[in-house]
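> The structure's right below; bear with me while I get my questions together.
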Amino acid sequence: MPPRRTSSGRLLYAQSGGVTAVINATAAGVIEAARAKGVPVYAARNGILGALREELIDTGKETKAAIAALRHTPGGAFGSCRYKLKSLEANRAEYERLIEVFRAHDIRWFLYNGGNDSADTALKISQLGKAMDYDIRCIGVPKTVDNDLAVTDCCPGFGSVAKYTAVSTLEASLDVASMADTSTKVFILEVMGRHAGWIAAAAGLAGESADEPPHLILFPERSFDEAAFLARVKATVERVGWCTVVASEGIRDADGRFLAEAGTRDAFGHTQLGGVAPVLAALVKEKLGYKYHWALPDYLQRSARHLASRTDAEQAYAVGRAAVDYALAGMNAVMPVIVRSSDAPYRWKVEPAPLHKIANREKKMPSGFLTRDGFGITVAARRYLAPLIQGEAHPPHGSDGLPRYGRLKNTSVAKKLPSFEH
Ligand code: F6P
């Protein structure tokens, strides 16, 4: 039985934080589910900023085919942002503005699609209705390549970056192995993930035995031990002939200092990370004298829709549809999360979880997922990770050999209010 609508009005959807290869699949799930129930959907341009600035997009102007194409199009179709709302006490004006915009456009449901910081924003907005006497329901919708949201089995976006990382580790290692005798001995791949080592761990799916790549994984959950790292690289080169290292961007030394910071911070106060691979490569060269190559896929990894995991794409779509069901059923301050009931075959379903259990929390790799030496993943980690990269979801390609990614018209809704300084 489809849930009954509680009132008339519009639904506002916004994307937030770092985008992924499948966040637009969630947008497609939201819009298609709402259309099926006759509920008009606006999208905010550039996340919560679009709501504050009254920069809204009428998704009703898009064709069915354009919305369907979102399911295989990477990036954030409506634009995303990193913007932290202060507390109601610290900046009441921003909240009043949001309610003013919601009221002006008859927004009754707000769906915020992001990571743990965005879950915090969603939670704050979900509390507004009572505080400001306006009937607004707010649902957080999960997304993050970092896979660090609490409660949910995994985060939409992660399965695809995990697949990209495992496949890239495998492919680059075949390259290194070919020429190791006379050329490169050490290859270092740096991956994202901020303070959690989930993406780095996924590289471990590329091989199973100690001699198969990756030979070392460096996790942010373990402090970096230079001597142990160099000893392991040397032993691997002497035994195997070459060595593949996968390093998480967030690794720190024993004093808690990141090995590589870009020197900037985002709106949430997070240090911008990146550049650990060249630091490690220089160390390998200086202390061991080996020829090296390093790679930093950076945005390539989180936008690689051509190598998406079908499981991930399906989960991303499912949480979008579930979020609409929850909102229209009158739920508030919840997030559709993925609940696993079996590893092999992988069985999962979507259920609502309270936002306050998710906002501002970071789920790191449990110690049982890391080998005793801290350089690899355990059988339990493999059991968890393996199903998430299952299946392919290739985008359609044109005769020019390029993927046919969708592009929306993104028609602006006429503004009704004076502009707002934030
Ligand atoms: O939060 C997702 C993420 O991709 C992190 O893994 C990475 O550290 C960060 O975003 C990069 O953020 P930005 O694109 O804002 O620099």
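Letters A, B, ... go to the chains of the structure tokens in the order shown; residues in each chain start at 1; ligands are counted from 1 in the same order.
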Can you tell me which residues sit at most 10 Å away from ligand 1, counting only C-alpha atoms and all ligand atoms, written as an mmCIF file with C-alpha atoms, in the first residue's frame?

```
data_model
loop_
_atom_site.group_PDB
_atom_site.id
_atom_site.type_symbol
_atom_site.label_atom_id
_atom_site.label_comp_id
_atom_site.auth_asym_id
_atom_site.auth_seq_id
_atom_site.Cartn_x
_atom_site.Cartn_y
_atom_site.Cartn_z
ATOM 1 C CA SER A 16 25.225 18.252 -0.320
ATOM 2 C CA GLY A 17 28.940 17.666 0.241
ATOM 3 C CA GLY A 18 31.311 15.805 -2.068
ATOM 4 C CA VAL A 19 29.363 14.271 -4.943
ATOM 5 C CA THR A 20 29.602 10.638 -6.095
ATOM 6 C CA SER A 80 26.232 20.699 -4.249
ATOM 7 C CA CYS A 81 27.935 22.656 -1.485
ATOM 8 C CA ARG A 82 29.752 22.451 1.797
ATOM 9 C CA GLY A 114 24.612 14.061 1.952
ATOM 10 C CA GLY A 115 27.090 12.693 4.499
ATOM 11 C CA ASN A 116 27.368 13.113 8.266
ATOM 12 C CA ASP A 117 27.717 16.907 8.239
ATOM 13 C CA LYS A 143 25.533 9.580 0.388
ATOM 14 C CA THR A 144 29.284 9.546 0.806
ATOM 15 C CA VAL A 145 32.194 7.791 -0.838
ATOM 16 C CA ASP A 146 33.871 7.766 2.580
ATOM 17 C CA ASN A 147 31.384 5.130 3.850
ATOM 18 C CA ASP A 148 31.613 6.656 7.312
ATOM 19 C CA GLY A 157 28.611 6.172 -3.468
ATOM 20 C CA PHE A 158 31.008 3.912 -1.606
ATOM 21 C CA VAL A 161 34.537 4.057 -5.486
ATOM 22 C CA VAL A 191 42.777 7.130 -2.185
ATOM 23 C CA MET A 192 40.172 9.346 -0.518
ATOM 24 C CA GLY A 193 38.185 8.566 2.604
ATOM 25 C CA ARG A 194 39.189 11.352 4.955
ATOM 26 C CA HIS A 195 39.482 9.891 8.496
ATOM 27 C CA ALA A 196 38.150 6.425 7.637
ATOM 28 C CA GLY A 197 39.985 3.704 5.737
ATOM 29 C CA ILE A 199 38.159 3.052 0.417
ATOM 30 C CA SER A 248 44.568 6.526 2.514
ATOM 31 C CA GLU A 249 44.766 10.305 2.222
ATOM 32 C CA GLY A 250 44.069 10.564 5.974
ATOM 33 C CA ALA A 262 46.741 20.747 1.311
ATOM 34 C CA THR A 264 43.063 24.642 3.402
ATOM 35 C CA ARG A 265 39.949 23.916 5.440
ATOM 36 C CA ASP A 266 36.341 23.575 4.317
ATOM 37 C CA ALA A 267 33.245 25.142 5.868
ATOM 38 C CA HIS A 270 37.876 19.727 7.835
ATOM 39 C CA THR A 271 41.464 19.924 6.658
ATOM 40 C CA GLN A 272 41.717 19.415 2.907
ATOM 41 C CA LEU A 273 43.743 16.249 2.454
ATOM 42 C CA GLY A 274 45.738 15.001 -0.492
ATOM 43 C CA ASP A 298 41.393 12.295 -6.610
ATOM 44 C CA TYR A 299 38.041 13.197 -8.261
ATOM 45 C CA GLN A 301 37.683 7.876 -8.202
ATOM 46 C CA ARG A 302 34.440 9.438 -6.993
ATOM 47 C CA SER A 303 33.149 10.311 -10.466
#
```
> Can you check which residues of segment 278-379 of chain A DSSP gives as alpha helix (DSSP H) on the backbone and send them as a PyMOL selection string?
chain A and resi 278-288+299-303+310-328+379
> Please report the interatomic distance between atom CA of Val413 of chain A and atom CA of Met132 of chain A in Å with one decimal.
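Atom CA of Met132 of chain A lies 24.4 Å from atom CA of Val413 of chain A.
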> Could you make a table, as CSV, of the residues of segment 103-184 of chain A that have an atom within 7 Å of an atom of segment 309-332 of chain A, each with its nearest atom pair and distance in Å to one decimal, counting only C-alpha atoms, in chain and number order?

```
residue,atom,partner,partner_atom,distance
A:Trp109,CA,A:Ala327,CA,6.3
A:Ser126,CA,A:Asn332,CA,6.2
A:Arg137,CA,A:Asn332,CA,4.9
A:Cys138,CA,A:Asn332,CA,5.2
A:Ile139,CA,A:Asn332,CA,6.0
A:Val141,CA,A:Ala323,CA,6.6
A:Pro156,CA,A:Ala316,CA,5.0
A:Gly157,CA,A:Asp312,CA,6.5
A:Gly159,CA,A:Asp312,CA,5.0
A:Ser160,CA,A:Ser309,CA,4.7
A:Lys163,CA,A:Ser309,CA,6.3
```
> Give me the residues near Gln127 of chain A as number ranges by chain, where near means some atom within 12 Å (using only C-alpha atoms) and where sequence neighbours in that chain fewer than 5 positions away do not count.
A: 87-88, 95, 99, 120-122, 132-139, 332-334, 355-356
> Need the shell around Val167 of chain A: protein/DNA/RNA residues with any atom at most 9 Å away, counting only C-alpha atoms. Skip same-chain ones fewer than 3 positions apart. Format as a PyMOL selection string?
chain A and resi 162-164+170-172+203+205-206+307
> Please save C-alpha atoms of the selected residues as a short mmCIF file (atom, residue, chain, number, x, y, z; two decimals), in the first residue's frame.

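After the write, out-v3.cif holds the following:
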```cif
data_model
loop_
_atom_site.label_atom_id
_atom_site.label_comp_id
_atom_site.auth_asym_id
_atom_site.auth_seq_id
_atom_site.Cartn_x
_atom_site.Cartn_y
_atom_site.Cartn_z
CA ALA A 162 35.42 0.72 -3.85
CA LYS A 163 35.06 -1.04 -7.20
CA TYR A 164 37.14 1.62 -8.96
CA LEU A 170 44.65 -4.82 -9.91
CA GLU A 171 45.29 -3.21 -13.28
CA ALA A 172 48.16 -0.94 -12.23
CA ALA A 203 41.79 -2.10 -2.61
CA LEU A 205 39.77 -7.03 -2.71
CA ALA A 206 42.23 -6.96 -5.65
CA LEU A 307 33.03 1.52 -13.49
#
```
> Just the residues within 12 Å of Thr371 of chain A, please, counting only C-alpha atoms, with nothing from its chain fewer than 5 positions along; format it as an MDAnalysis selection string.
chainID A and resid 201 204 210 216:219 221:222 365:366 376:382
> Please, what distance in Å, to one decimal, runs between atom CA of Ala308 of chain A and atom CA of Gly140 of chain A?
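We find that atom CA of Ala308 of chain A and atom CA of Gly140 of chain A lie 23.2 Å from each other.
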> Counting only C-alpha atoms, figure out which residue out of A:Asp181, A:Glu89, A:Glu94, A:Glu190 gets nearest to Ala295 of chain A.
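The answer is A:Glu190, which sits nearest to Ala295 of chain A.
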> Could you state the separation of atom CA of Ala247 of chain A and atom CA of Leu388 of chain A in Å, given to one decimal place?
20.5 Å
> What lies within 7 Å of Ala25 of chain A using only C-alpha atoms, ignoring chain neighbours under 2 positions off, as a list in words?
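The filter keeps Val22, Ile23, Ala27, Ala28, Gly29, Leu70, Arg71, His72, Ala313, Ala316 and Tyr317 of chain A.
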> For Leu280 of chain A, which residue out of A:Asp211, A:Glu392, A:Asp153, A:Glu226 is the nearest one, using only C-alpha atoms?
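Closest candidate: A:Glu226.
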